[in-house]
$ cat input09.cif   # mmCIF, C-alpha atoms and all ligand atoms
data_work
#
loop_
_atom_site.label_atom_id
_atom_site.label_comp_id
_atom_site.auth_asym_id
_atom_site.auth_seq_id
_atom_site.Cartn_x
_atom_site.Cartn_y
_atom_site.Cartn_z
CA MET A 1 -150.11 266.01 146.59
CA THR A 2 -152.33 263.65 144.59
CA SER A 3 -150.49 260.60 143.35
CA LEU A 4 -150.19 260.12 139.59
CA PRO A 5 -152.47 257.52 137.99
CA SER A 6 -150.63 254.34 137.00
CA GLY A 7 -149.08 254.63 133.54
CA ALA A 8 -148.76 258.41 133.85
CA ASN A 9 -144.99 258.18 133.56
CA ARG A 10 -145.34 256.69 130.08
CA THR A 11 -144.68 260.17 128.66
CA GLU A 12 -141.25 260.28 130.35
CA LEU A 13 -138.20 260.46 128.14
CA ARG A 14 -136.79 256.99 127.53
CA LYS A 15 -133.05 256.45 127.32
CA ILE A 16 -132.13 253.70 124.90
CA GLY A 17 -128.63 252.29 124.47
CA ILE A 18 -127.58 250.94 121.11
CA MET A 19 -124.76 248.43 121.09
CA GLY A 20 -123.62 247.82 117.54
CA GLY A 21 -120.98 245.33 116.51
CA THR A 22 -120.03 242.50 114.24
CA PHE A 23 -120.44 240.16 117.24
CA ASP A 24 -118.40 237.51 115.46
CA PRO A 25 -118.87 236.04 118.04
CA ILE A 26 -120.46 238.07 120.85
CA HIS A 27 -118.48 237.86 124.14
CA PHE A 28 -118.38 239.11 127.74
CA GLY A 29 -116.54 242.31 126.72
CA HIS A 30 -119.66 243.37 124.74
CA LEU A 31 -122.00 242.44 127.57
CA LEU A 32 -119.97 244.26 130.20
CA ALA A 33 -119.79 247.41 128.04
CA ALA A 34 -123.59 247.34 127.63
CA GLU A 35 -124.39 246.62 131.28
CA GLU A 36 -121.96 249.22 132.65
CA SER A 37 -123.41 251.84 130.28
CA ARG A 38 -126.94 250.88 131.26
CA SER A 39 -126.31 251.23 134.97
CA ALA A 40 -124.05 254.32 134.79
CA LEU A 41 -126.38 256.30 132.52
CA GLY A 42 -129.72 254.94 133.74
CA LEU A 43 -130.65 253.48 130.35
CA ASP A 44 -134.07 251.83 130.12
CA GLU A 45 -132.92 249.28 127.58
CA VAL A 46 -129.93 248.30 125.45
CA ILE A 47 -130.58 247.14 121.90
CA PHE A 48 -127.90 244.87 120.43
CA ILE A 49 -127.55 245.29 116.68
CA PRO A 50 -125.36 242.78 114.84
CA SER A 51 -124.12 244.31 111.60
CA GLY A 52 -125.33 242.82 108.33
CA ASP A 53 -122.50 243.31 105.90
CA PRO A 54 -119.82 244.92 108.06
CA ALA A 55 -118.57 247.73 105.82
CA HIS A 56 -115.10 247.77 107.41
CA LYS A 57 -114.62 244.00 107.70
CA ARG A 58 -115.14 242.88 104.11
CA GLN A 59 -111.54 241.76 103.78
CA ARG A 60 -112.18 238.64 105.85
CA ARG A 61 -114.96 236.10 106.18
CA VAL A 62 -117.42 236.59 109.03
CA ALA A 63 -119.97 234.10 110.32
CA SER A 64 -123.30 234.53 108.53
CA PRO A 65 -125.53 237.38 109.69
CA GLU A 66 -128.11 234.81 110.81
CA ASP A 67 -125.56 232.92 112.97
CA ARG A 68 -124.32 236.18 114.52
CA TYR A 69 -127.90 237.23 115.18
CA ILE A 70 -128.76 233.90 116.83
CA MET A 71 -125.68 234.12 119.06
CA THR A 72 -126.77 237.66 120.03
CA LEU A 73 -130.30 236.41 120.72
CA LEU A 74 -129.02 233.58 122.93
CA THR A 75 -126.83 236.03 124.85
CA THR A 76 -129.51 238.64 125.47
CA LEU A 77 -132.23 236.16 126.52
CA GLY A 78 -131.19 236.21 130.16
CA ASN A 79 -131.27 239.99 130.66
CA ARG A 80 -134.65 241.71 130.53
CA ASN A 81 -133.00 245.05 129.69
CA PHE A 82 -131.22 243.67 126.62
CA THR A 83 -132.94 243.21 123.25
CA PRO A 84 -131.50 241.87 119.97
CA SER A 85 -132.43 243.62 116.73
CA ARG A 86 -132.46 242.42 113.10
CA ILE A 87 -132.48 245.96 111.74
CA GLU A 88 -129.03 245.66 110.09
CA ILE A 89 -128.99 242.01 109.15
CA ASP A 90 -132.30 242.38 107.30
CA ARG A 91 -130.99 245.34 105.32
CA LYS A 92 -129.69 244.58 101.82
CA GLU A 93 -127.15 247.42 101.77
CA PRO A 94 -123.93 247.52 103.86
CA SER A 95 -124.33 248.53 107.50
CA HIS A 96 -123.60 252.08 108.54
CA THR A 97 -124.30 253.44 112.02
CA VAL A 98 -125.77 256.68 110.71
CA ASP A 99 -128.40 254.83 108.63
CA THR A 100 -129.35 252.62 111.56
CA LEU A 101 -129.75 255.59 113.90
CA ARG A 102 -131.87 257.43 111.33
CA GLU A 103 -134.07 254.37 110.97
CA MET A 104 -134.41 254.11 114.74
CA ARG A 105 -135.34 257.81 114.87
CA HIS A 106 -138.04 257.04 112.34
CA TRP A 107 -139.57 254.40 114.62
CA TYR A 108 -139.33 256.33 117.89
CA ALA A 109 -140.75 259.86 118.31
CA PRO A 110 -137.75 262.19 118.92
CA GLU A 111 -139.38 263.91 121.90
CA LYS A 112 -139.81 260.56 123.67
CA VAL A 113 -136.37 258.97 123.27
CA LEU A 114 -132.69 259.74 123.72
CA PHE A 115 -130.31 257.34 121.99
CA TYR A 116 -126.92 256.42 123.41
CA PHE A 117 -124.64 254.69 120.94
CA ILE A 118 -122.29 252.47 122.96
CA THR A 119 -118.88 251.84 121.50
CA GLY A 120 -115.42 250.78 122.66
CA LEU A 121 -112.56 253.28 122.53
CA ASP A 122 -110.87 251.38 119.68
CA ALA A 123 -113.93 251.85 117.49
CA VAL A 124 -114.77 255.44 118.42
CA LEU A 125 -111.20 256.59 117.77
CA GLY A 126 -111.80 255.67 114.12
CA ILE A 127 -115.11 257.52 113.94
CA THR A 128 -113.95 260.02 111.30
CA THR A 129 -113.87 257.15 108.79
CA TRP A 130 -117.58 256.36 109.38
CA LYS A 131 -120.18 257.41 106.83
CA GLU A 132 -121.53 260.92 107.60
CA TYR A 133 -119.98 260.88 111.05
CA GLU A 134 -120.62 264.64 111.44
CA ALA A 135 -124.36 263.87 111.56
CA LEU A 136 -124.08 261.49 114.53
CA PRO A 137 -124.24 264.12 117.34
CA GLU A 138 -127.72 265.14 116.16
CA LEU A 139 -128.89 261.55 116.39
CA CYS A 140 -127.31 260.24 119.59
CA ARG A 141 -124.88 260.65 122.44
CA ILE A 142 -121.82 258.48 122.01
CA VAL A 143 -120.72 256.41 124.99
CA ALA A 144 -116.99 255.66 124.66
CA VAL A 145 -116.20 252.75 126.97
CA SER A 146 -112.63 251.94 127.93
CA ARG A 147 -110.87 249.05 126.26
CA PRO A 148 -107.38 247.70 127.05
CA GLY A 149 -104.69 249.28 124.86
CA TYR A 150 -106.61 252.43 123.90
CA PRO A 151 -105.86 255.56 125.97
CA SER A 152 -108.90 257.78 126.57
CA GLN A 153 -106.74 260.92 126.13
CA GLU A 154 -106.85 260.22 122.38
CA LEU A 155 -110.49 261.26 122.39
CA GLY A 156 -109.06 264.80 122.52
CA ASN A 157 -107.86 264.41 118.91
CA LEU A 158 -111.39 263.95 117.55
CA PRO A 159 -113.29 266.85 115.91
CA GLU A 160 -114.84 269.20 118.44
CA ASN A 161 -118.51 268.52 117.56
CA ILE A 162 -117.88 264.79 118.04
CA GLN A 163 -116.06 265.33 121.34
CA LYS A 164 -119.08 267.26 122.62
CA ALA A 165 -121.33 264.26 121.96
CA ILE A 166 -119.01 261.80 123.70
CA ILE A 167 -119.54 260.47 127.20
CA PRO A 168 -116.31 258.68 128.24
CA LEU A 169 -116.99 255.74 130.54
CA SER A 170 -114.40 253.73 132.45
CA ILE A 171 -115.41 250.11 132.84
CA PRO A 172 -113.46 247.15 134.27
CA LEU A 173 -111.01 246.31 131.49
CA LEU A 174 -111.58 242.94 129.87
CA SER A 175 -108.93 241.92 127.42
CA ILE A 176 -111.34 239.85 125.31
CA SER A 177 -111.87 240.23 121.57
CA SER A 178 -113.74 238.24 118.96
CA THR A 179 -110.48 237.97 117.00
CA GLU A 180 -108.81 236.19 119.93
CA ILE A 181 -111.82 233.89 120.37
CA ARG A 182 -111.81 232.96 116.66
CA GLN A 183 -108.09 232.25 116.85
CA ARG A 184 -108.51 230.07 119.92
CA LEU A 185 -111.33 228.09 118.30
CA HIS A 186 -109.29 227.62 115.18
CA ASN A 187 -106.36 226.35 117.25
CA GLY A 188 -108.54 224.07 119.38
CA ARG A 189 -107.95 226.09 122.57
CA SER A 190 -110.49 226.73 125.33
CA VAL A 191 -112.84 229.73 125.12
CA LYS A 192 -114.54 229.02 128.44
CA TYR A 193 -115.30 232.16 130.52
CA LEU A 194 -114.69 234.45 127.55
CA LEU A 195 -118.23 234.19 126.20
CA PRO A 196 -121.57 232.77 127.36
CA GLU A 197 -121.79 228.99 127.48
CA THR A 198 -124.82 228.88 125.17
CA VAL A 199 -122.85 230.78 122.53
CA GLU A 200 -119.98 228.31 122.81
CA GLN A 201 -122.48 225.44 122.45
CA TYR A 202 -123.96 227.09 119.36
CA ILE A 203 -120.50 227.61 117.83
CA ARG A 204 -119.61 223.96 118.40
CA LYS A 205 -122.93 222.67 117.10
CA LYS A 206 -122.68 224.76 113.94
CA LYS A 207 -118.91 224.10 113.61
CA LEU A 208 -118.17 227.80 113.27
CA TYR A 209 -114.67 229.33 113.17
CA ARG A 210 -112.88 226.12 112.28
CA LYS A 211 -111.61 227.25 108.91
CA LYS A 212 -108.37 229.13 108.31
CA LEU A 213 -108.55 232.64 109.72
CA GLU A 214 -106.84 234.14 106.72
CA ASP A 215 -109.68 232.90 104.47
CA THR A 216 -110.62 236.01 102.56
CA ILE A 217 -113.60 236.89 100.45
CA PRO A 218 -112.71 236.37 96.78
P1 LIG B 301 -113.04 241.89 116.39
O1 LIG B 301 -111.81 241.42 117.13
O2 LIG B 301 -113.56 240.93 115.36
O3 LIG B 301 -112.93 243.31 115.87
P2 LIG B 301 -114.38 242.82 118.78
O4 LIG B 301 -114.09 242.01 119.98
O5 LIG B 301 -113.65 244.12 118.62
O6 LIG B 301 -114.22 241.91 117.49
P3 LIG B 301 -116.74 244.01 117.70
O7 LIG B 301 -117.95 243.25 117.30
O8 LIG B 301 -115.81 244.52 116.66
O9 LIG B 301 -115.93 243.06 118.74
O10 LIG B 301 -117.10 245.18 118.70
C1 LIG B 301 -118.36 245.75 118.87
C2 LIG B 301 -118.22 246.89 119.88
O11 LIG B 301 -117.87 246.39 121.17
C3 LIG B 301 -117.12 247.90 119.51
O12 LIG B 301 -117.57 249.20 119.82
C4 LIG B 301 -115.97 247.49 120.39
O13 LIG B 301 -115.11 248.56 120.66
C5 LIG B 301 -116.69 247.04 121.65
N1 LIG B 301 -115.92 246.04 122.40
C6 LIG B 301 -115.57 244.80 121.98
N2 LIG B 301 -114.87 244.15 122.92
C7 LIG B 301 -114.76 244.99 123.97
C8 LIG B 301 -114.13 244.88 125.27
N3 LIG B 301 -113.44 243.79 125.62
N4 LIG B 301 -114.22 245.95 126.10
C9 LIG B 301 -114.89 247.06 125.71
N5 LIG B 301 -115.51 247.23 124.52
C10 LIG B 301 -115.44 246.21 123.65
MG MG B 302 -113.66 245.15 116.77
#

$ encode --input "input09.cif" --output "structure tokens" --more "lines below"
Ligand code: ATP
Ligand code: MG
Amino acid sequence: MTSLPSGANRTELRKIGIMGGTFDPIHFGHLLAAEESRSALGLDEVIFIPSGDPAHKRQRRVASPEDRYIMTLLTTLGNRNFTPSRIEIDRKEPSHTVDTLREMRHWYAPEKVLFYFITGLDAVLGITTWKEYEALPELCRIVAVSRPGYPSQELGNLPENIQKAIIPLSIPLLSISSTEIRQRLHNGRSVKYLLPETVEQYIRKKKLYRKKLEDTIP
């Protein structure tokens, strides 16, 4: 058989993971979820998308979109399969997954790309509260990664069309959350080994997360 000319596989279907989050701050739980999904599902790339104005987190202050983007950028620098995206932080309107996926669809030809939206079990179990959640299965597969405290059996309670789009994925459980990291920083406790060192350096340089946690948006 004649071998294919170089570049011939460019027409192959690309599998792109999308890791959305507030990333306030980004930590090793996010990175492990992305890397495990990439290797288990053979994804070509994982795009990290920090939310602009997190629709569901307006009741508390979050670090600025720019700071959360920079921390995401610093974190993804060392992995050639990870890319940060400004798509949500540059949007004026509140962030909704469905809008982001539609915009991504607009940029990538549908016949060339399959999107995999990567999310922890805690988040996916609340999917019926997301804007136009019924439309998500047409736009992507949903990778539901395990997270301590959230039993995967509960996926069975979700609407059938959503369940069909879900790929459950067991990953090593890391009991790390941004909430815990913010609390530790506020209380002057160590956050070493919970998040990348460069992110910790950035947080300390910019004096992030020092204020009272209960600070709410007026
Ligand atoms: P917060 O405590 O502020 O809610 P978080 O740690 O949950 O922060 P998010 O930015 O809310 O982080 O999460 C983004 C995505 O990453 C969500 O889908 C969430 O379920 C997933 N995720 C976060 N931490 C983990 C973890 N330790 N293991 C698996 N998935 C995680
Ligand atoms: Mg969360």

$ atom_distance --input "input09.cif" --atom1 "atom CA of Thr72 of chain A" --atom2 "atom CA of Pro84 of chain A"
6.3 Å

$ residues_near_ligand --input "input09.cif" --ligand "ligand LIG 301 (chain B)" --cutoff "10 Å" --atoms "only C-alpha atoms and all ligand atoms" --output "PyMOL selection string"
chain A and resi 19-34+48-51+54+56-57+60+62+68+117-125+143-148+150+170-183+194

$ write_last_selection --input "input09.cif" --atoms "C-alpha atoms" --output "short mmCIF file (atom, residue, chain, number, x, y, z; two decimals), in the coordinates of the input"
data_model
loop_
_atom_site.label_atom_id
_atom_site.label_comp_id
_atom_site.auth_asym_id
_atom_site.auth_seq_id
_atom_site.Cartn_x
_atom_site.Cartn_y
_atom_site.Cartn_z
CA MET A 19 -124.76 248.43 121.09
CA GLY A 20 -123.62 247.82 117.54
CA GLY A 21 -120.98 245.33 116.51
CA THR A 22 -120.03 242.50 114.24
CA PHE A 23 -120.44 240.16 117.24
CA ASP A 24 -118.40 237.51 115.46
CA PRO A 25 -118.87 236.04 118.04
CA ILE A 26 -120.46 238.07 120.85
CA HIS A 27 -118.48 237.86 124.14
CA PHE A 28 -118.38 239.11 127.74
CA GLY A 29 -116.54 242.31 126.72
CA HIS A 30 -119.66 243.37 124.74
CA LEU A 31 -122.00 242.44 127.57
CA LEU A 32 -119.97 244.26 130.20
CA ALA A 33 -119.79 247.41 128.04
CA ALA A 34 -123.59 247.34 127.63
CA PHE A 48 -127.90 244.87 120.43
CA ILE A 49 -127.55 245.29 116.68
CA PRO A 50 -125.36 242.78 114.84
CA SER A 51 -124.12 244.31 111.60
CA PRO A 54 -119.82 244.92 108.06
CA HIS A 56 -115.10 247.77 107.41
CA LYS A 57 -114.62 244.00 107.70
CA ARG A 60 -112.18 238.64 105.85
CA VAL A 62 -117.42 236.59 109.03
CA ARG A 68 -124.32 236.18 114.52
CA PHE A 117 -124.64 254.69 120.94
CA ILE A 118 -122.29 252.47 122.96
CA THR A 119 -118.88 251.84 121.50
CA GLY A 120 -115.42 250.78 122.66
CA LEU A 121 -112.56 253.28 122.53
CA ASP A 122 -110.87 251.38 119.68
CA ALA A 123 -113.93 251.85 117.49
CA VAL A 124 -114.77 255.44 118.42
CA LEU A 125 -111.20 256.59 117.77
CA VAL A 143 -120.72 256.41 124.99
CA ALA A 144 -116.99 255.66 124.66
CA VAL A 145 -116.20 252.75 126.97
CA SER A 146 -112.63 251.94 127.93
CA ARG A 147 -110.87 249.05 126.26
CA PRO A 148 -107.38 247.70 127.05
CA TYR A 150 -106.61 252.43 123.90
CA SER A 170 -114.40 253.73 132.45
CA ILE A 171 -115.41 250.11 132.84
CA PRO A 172 -113.46 247.15 134.27
CA LEU A 173 -111.01 246.31 131.49
CA LEU A 174 -111.58 242.94 129.87
CA SER A 175 -108.93 241.92 127.42
CA ILE A 176 -111.34 239.85 125.31
CA SER A 177 -111.87 240.23 121.57
CA SER A 178 -113.74 238.24 118.96
CA THR A 179 -110.48 237.97 117.00
CA GLU A 180 -108.81 236.19 119.93
CA ILE A 181 -111.82 233.89 120.37
CA ARG A 182 -111.81 232.96 116.66
CA GLN A 183 -108.09 232.25 116.85
CA LEU A 194 -114.69 234.45 127.55
#

$ atom_distance --input "input09.cif" --atom1 "atom CA of Tyr202 of chain A" --atom2 "atom CA of Glu35 of chain A"
22.9 Å

$ atom_distance --input "input09.cif" --atom1 "atom CA of Glu111 of chain A" --atom2 "atom CA of Glu134 of chain A"
21.5 Å

$ residues_around --input "input09.cif" --residues "Glu200 of chain A" --least-positions-apart "2" --cutoff "10 Å" --atoms "only C-alpha atoms" --output "list in words"
Pro25, Ile26, His27, Met71, Leu185, Ser190, Val191, Lys192, Tyr193, Leu194, Leu195, Pro196, Glu197, Thr198, Tyr202, Ile203, Arg204, Lys205, Lys206 and Leu208 of chain A

$ residues_near_point --input "input09.cif" --point "(-124.8, 242.6, 108.6)" --cutoff "9 Å" --atoms "only C-alpha atoms" --output "ChimeraX atom specification"
/A:22,49-55,64-66,68,86-95

$ write_last_selection --input "input09.cif" --atoms "C-alpha atoms" --output "compact mmCIF listing (two decimals), keeping the file's coordinate frame"
# COMPACT_ATOMS: atom_id res chain seq x y z
CA THR A 22 -120.03 242.50 114.24
CA ILE A 49 -127.55 245.29 116.68
CA PRO A 50 -125.36 242.78 114.84
CA SER A 51 -124.12 244.31 111.60
CA GLY A 52 -125.33 242.82 108.33
CA ASP A 53 -122.50 243.31 105.90
CA PRO A 54 -119.82 244.92 108.06
CA ALA A 55 -118.57 247.73 105.82
CA SER A 64 -123.30 234.53 108.53
CA PRO A 65 -125.53 237.38 109.69
CA GLU A 66 -128.11 234.81 110.81
CA ARG A 68 -124.32 236.18 114.52
CA ARG A 86 -132.46 242.42 113.10
CA ILE A 87 -132.48 245.96 111.74
CA GLU A 88 -129.03 245.66 110.09
CA ILE A 89 -128.99 242.01 109.15
CA ASP A 90 -132.30 242.38 107.30
CA ARG A 91 -130.99 245.34 105.32
CA LYS A 92 -129.69 244.58 101.82
CA GLU A 93 -127.15 247.42 101.77
CA PRO A 94 -123.93 247.52 103.86
CA SER A 95 -124.33 248.53 107.50

$ closest_residue --input "input09.cif" --among "A:Thr76, A:Gly126, A:Val113, A:Tyr69" --to "ligand MG 302 (chain B)" --atoms "all atoms listed in the file"
A:Gly126

$ residues_near_point --input "input09.cif" --point "(-123.6, 257.4, 114.7)" --cutoff "12 Å" --atoms "only C-alpha atoms" --output "compact mmCIF listing (two decimals) with C-alpha atoms, in the frame of the given file"
# COMPACT_ATOMS: atom_id res chain seq x y z
CA ILE A 18 -127.58 250.94 121.11
CA MET A 19 -124.76 248.43 121.09
CA GLY A 20 -123.62 247.82 117.54
CA SER A 95 -124.33 248.53 107.50
CA HIS A 96 -123.60 252.08 108.54
CA THR A 97 -124.30 253.44 112.02
CA VAL A 98 -125.77 256.68 110.71
CA ASP A 99 -128.40 254.83 108.63
CA THR A 100 -129.35 252.62 111.56
CA LEU A 101 -129.75 255.59 113.90
CA ARG A 102 -131.87 257.43 111.33
CA GLU A 103 -134.07 254.37 110.97
CA MET A 104 -134.41 254.11 114.74
CA ARG A 105 -135.34 257.81 114.87
CA PHE A 115 -130.31 257.34 121.99
CA TYR A 116 -126.92 256.42 123.41
CA PHE A 117 -124.64 254.69 120.94
CA ILE A 118 -122.29 252.47 122.96
CA THR A 119 -118.88 251.84 121.50
CA ALA A 123 -113.93 251.85 117.49
CA VAL A 124 -114.77 255.44 118.42
CA GLY A 126 -111.80 255.67 114.12
CA ILE A 127 -115.11 257.52 113.94
CA THR A 128 -113.95 260.02 111.30
CA THR A 129 -113.87 257.15 108.79
CA TRP A 130 -117.58 256.36 109.38
CA LYS A 131 -120.18 257.41 106.83
CA GLU A 132 -121.53 260.92 107.60
CA TYR A 133 -119.98 260.88 111.05
CA GLU A 134 -120.62 264.64 111.44
CA ALA A 135 -124.36 263.87 111.56
CA LEU A 136 -124.08 261.49 114.53
CA PRO A 137 -124.24 264.12 117.34
CA GLU A 138 -127.72 265.14 116.16
CA LEU A 139 -128.89 261.55 116.39
CA CYS A 140 -127.31 260.24 119.59
CA ARG A 141 -124.88 260.65 122.44
CA ILE A 142 -121.82 258.48 122.01
CA VAL A 143 -120.72 256.41 124.99
CA ILE A 162 -117.88 264.79 118.04
CA ALA A 165 -121.33 264.26 121.96
CA ILE A 166 -119.01 261.80 123.70

$ build_atoms --input "input09.cif" --residues "segment 168-190 of chain A" --atoms "N, CA, C and O atoms" --output "PDB file, keeping the file's coordinate frame"
ATOM      1  N   PRO A 168    -117.304 259.728 127.977  1.00  0.00           N
ATOM      2  CA  PRO A 168    -116.310 258.680 128.240  1.00  0.00           C
ATOM      3  C   PRO A 168    -116.745 257.880 129.477  1.00  0.00           C
ATOM      4  O   PRO A 168    -117.257 258.451 130.427  1.00  0.00           O
ATOM      5  N   LEU A 169    -116.573 256.579 129.409  1.00  0.00           N
ATOM      6  CA  LEU A 169    -116.990 255.740 130.540  1.00  0.00           C
ATOM      7  C   LEU A 169    -115.918 254.683 130.829  1.00  0.00           C
ATOM      8  O   LEU A 169    -115.604 253.861 129.967  1.00  0.00           O
ATOM      9  N   SER A 170    -115.386 254.745 132.055  1.00  0.00           N
ATOM     10  CA  SER A 170    -114.400 253.730 132.450  1.00  0.00           C
ATOM     11  C   SER A 170    -115.119 252.508 132.956  1.00  0.00           C
ATOM     12  O   SER A 170    -115.961 252.604 133.853  1.00  0.00           O
ATOM     13  N   ILE A 171    -114.792 251.365 132.388  1.00  0.00           N
ATOM     14  CA  ILE A 171    -115.410 250.110 132.840  1.00  0.00           C
ATOM     15  C   ILE A 171    -114.262 249.151 133.206  1.00  0.00           C
ATOM     16  O   ILE A 171    -113.120 249.379 132.776  1.00  0.00           O
ATOM     17  N   PRO A 172    -114.534 248.104 133.991  1.00  0.00           N
ATOM     18  CA  PRO A 172    -113.460 247.150 134.270  1.00  0.00           C
ATOM     19  C   PRO A 172    -112.904 246.620 132.937  1.00  0.00           C
ATOM     20  O   PRO A 172    -113.687 246.214 132.068  1.00  0.00           O
ATOM     21  N   LEU A 173    -111.601 246.673 132.786  1.00  0.00           N
ATOM     22  CA  LEU A 173    -111.010 246.310 131.490  1.00  0.00           C
ATOM     23  C   LEU A 173    -111.003 244.798 131.294  1.00  0.00           C
ATOM     24  O   LEU A 173    -110.481 244.060 132.123  1.00  0.00           O
ATOM     25  N   LEU A 174    -111.594 244.364 130.207  1.00  0.00           N
ATOM     26  CA  LEU A 174    -111.580 242.940 129.870  1.00  0.00           C
ATOM     27  C   LEU A 174    -110.833 242.801 128.554  1.00  0.00           C
ATOM     28  O   LEU A 174    -111.256 243.333 127.538  1.00  0.00           O
ATOM     29  N   SER A 175    -109.741 242.074 128.627  1.00  0.00           N
ATOM     30  CA  SER A 175    -108.930 241.920 127.420  1.00  0.00           C
ATOM     31  C   SER A 175    -109.470 240.750 126.585  1.00  0.00           C
ATOM     32  O   SER A 175    -108.794 239.758 126.392  1.00  0.00           O
ATOM     33  N   ILE A 176    -110.700 240.905 126.120  1.00  0.00           N
ATOM     34  CA  ILE A 176    -111.340 239.850 125.310  1.00  0.00           C
ATOM     35  C   ILE A 176    -111.696 240.466 123.975  1.00  0.00           C
ATOM     36  O   ILE A 176    -112.211 241.587 123.918  1.00  0.00           O
ATOM     37  N   SER A 177    -111.419 239.758 122.897  1.00  0.00           N
ATOM     38  CA  SER A 177    -111.870 240.230 121.570  1.00  0.00           C
ATOM     39  C   SER A 177    -112.383 239.037 120.782  1.00  0.00           C
ATOM     40  O   SER A 177    -111.997 237.893 121.025  1.00  0.00           O
ATOM     41  N   SER A 178    -113.234 239.307 119.819  1.00  0.00           N
ATOM     42  CA  SER A 178    -113.740 238.240 118.960  1.00  0.00           C
ATOM     43  C   SER A 178    -112.591 237.632 118.152  1.00  0.00           C
ATOM     44  O   SER A 178    -112.584 236.422 117.889  1.00  0.00           O
ATOM     45  N   THR A 179    -111.633 238.464 117.769  1.00  0.00           N
ATOM     46  CA  THR A 179    -110.480 237.970 117.000  1.00  0.00           C
ATOM     47  C   THR A 179    -109.760 236.882 117.791  1.00  0.00           C
ATOM     48  O   THR A 179    -109.470 235.799 117.280  1.00  0.00           O
ATOM     49  N   GLU A 180    -109.510 237.164 119.073  1.00  0.00           N
ATOM     50  CA  GLU A 180    -108.810 236.190 119.930  1.00  0.00           C
ATOM     51  C   GLU A 180    -109.653 234.915 120.067  1.00  0.00           C
ATOM     52  O   GLU A 180    -109.129 233.802 120.011  1.00  0.00           O
ATOM     53  N   ILE A 181    -110.953 235.065 120.217  1.00  0.00           N
ATOM     54  CA  ILE A 181    -111.820 233.890 120.370  1.00  0.00           C
ATOM     55  C   ILE A 181    -111.802 233.045 119.086  1.00  0.00           C
ATOM     56  O   ILE A 181    -111.681 231.818 119.127  1.00  0.00           O
ATOM     57  N   ARG A 182    -111.862 233.715 117.934  1.00  0.00           N
ATOM     58  CA  ARG A 182    -111.810 232.960 116.660  1.00  0.00           C
ATOM     59  C   ARG A 182    -110.493 232.206 116.541  1.00  0.00           C
ATOM     60  O   ARG A 182    -110.463 231.044 116.120  1.00  0.00           O
ATOM     61  N   GLN A 183    -109.398 232.894 116.932  1.00  0.00           N
ATOM     62  CA  GLN A 183    -108.090 232.250 116.850  1.00  0.00           C
ATOM     63  C   GLN A 183    -108.024 231.021 117.754  1.00  0.00           C
ATOM     64  O   GLN A 183    -107.544 229.968 117.357  1.00  0.00           O
ATOM     65  N   ARG A 184    -108.530 231.184 118.982  1.00  0.00           N
ATOM     66  CA  ARG A 184    -108.510 230.070 119.920  1.00  0.00           C
ATOM     67  C   ARG A 184    -109.318 228.891 119.383  1.00  0.00           C
ATOM     68  O   ARG A 184    -108.896 227.741 119.469  1.00  0.00           O
ATOM     69  N   LEU A 185    -110.489 229.164 118.820  1.00  0.00           N
ATOM     70  CA  LEU A 185    -111.330 228.090 118.300  1.00  0.00           C
ATOM     71  C   LEU A 185    -110.629 227.395 117.139  1.00  0.00           C
ATOM     72  O   LEU A 185    -110.629 226.167 117.036  1.00  0.00           O
ATOM     73  N   HIS A 186    -110.008 228.193 116.315  1.00  0.00           N
ATOM     74  CA  HIS A 186    -109.290 227.620 115.180  1.00  0.00           C
ATOM     75  C   HIS A 186    -108.149 226.717 115.638  1.00  0.00           C
ATOM     76  O   HIS A 186    -107.878 225.683 115.042  1.00  0.00           O
ATOM     77  N   ASN A 187    -107.498 227.121 116.740  1.00  0.00           N
ATOM     78  CA  ASN A 187    -106.360 226.350 117.250  1.00  0.00           C
ATOM     79  C   ASN A 187    -106.756 225.284 118.266  1.00  0.00           C
ATOM     80  O   ASN A 187    -105.905 224.683 118.904  1.00  0.00           O
ATOM     81  N   GLY A 188    -108.064 225.101 118.461  1.00  0.00           N
ATOM     82  CA  GLY A 188    -108.540 224.070 119.380  1.00  0.00           C
ATOM     83  C   GLY A 188    -108.311 224.403 120.842  1.00  0.00           C
ATOM     84  O   GLY A 188    -108.250 223.510 121.687  1.00  0.00           O
ATOM     85  N   ARG A 189    -108.163 225.711 121.164  1.00  0.00           N
ATOM     86  CA  ARG A 189    -107.950 226.090 122.570  1.00  0.00           C
ATOM     87  C   ARG A 189    -109.279 226.444 123.242  1.00  0.00           C
ATOM     88  O   ARG A 189    -110.279 226.720 122.581  1.00  0.00           O
ATOM     89  N   SER A 190    -109.257 226.462 124.574  1.00  0.00           N
ATOM     90  CA  SER A 190    -110.490 226.730 125.330  1.00  0.00           C
ATOM     91  C   SER A 190    -110.945 228.177 125.174  1.00  0.00           C
ATOM     92  O   SER A 190    -110.138 229.099 125.107  1.00  0.00           O
TER      93      SER A 190
END
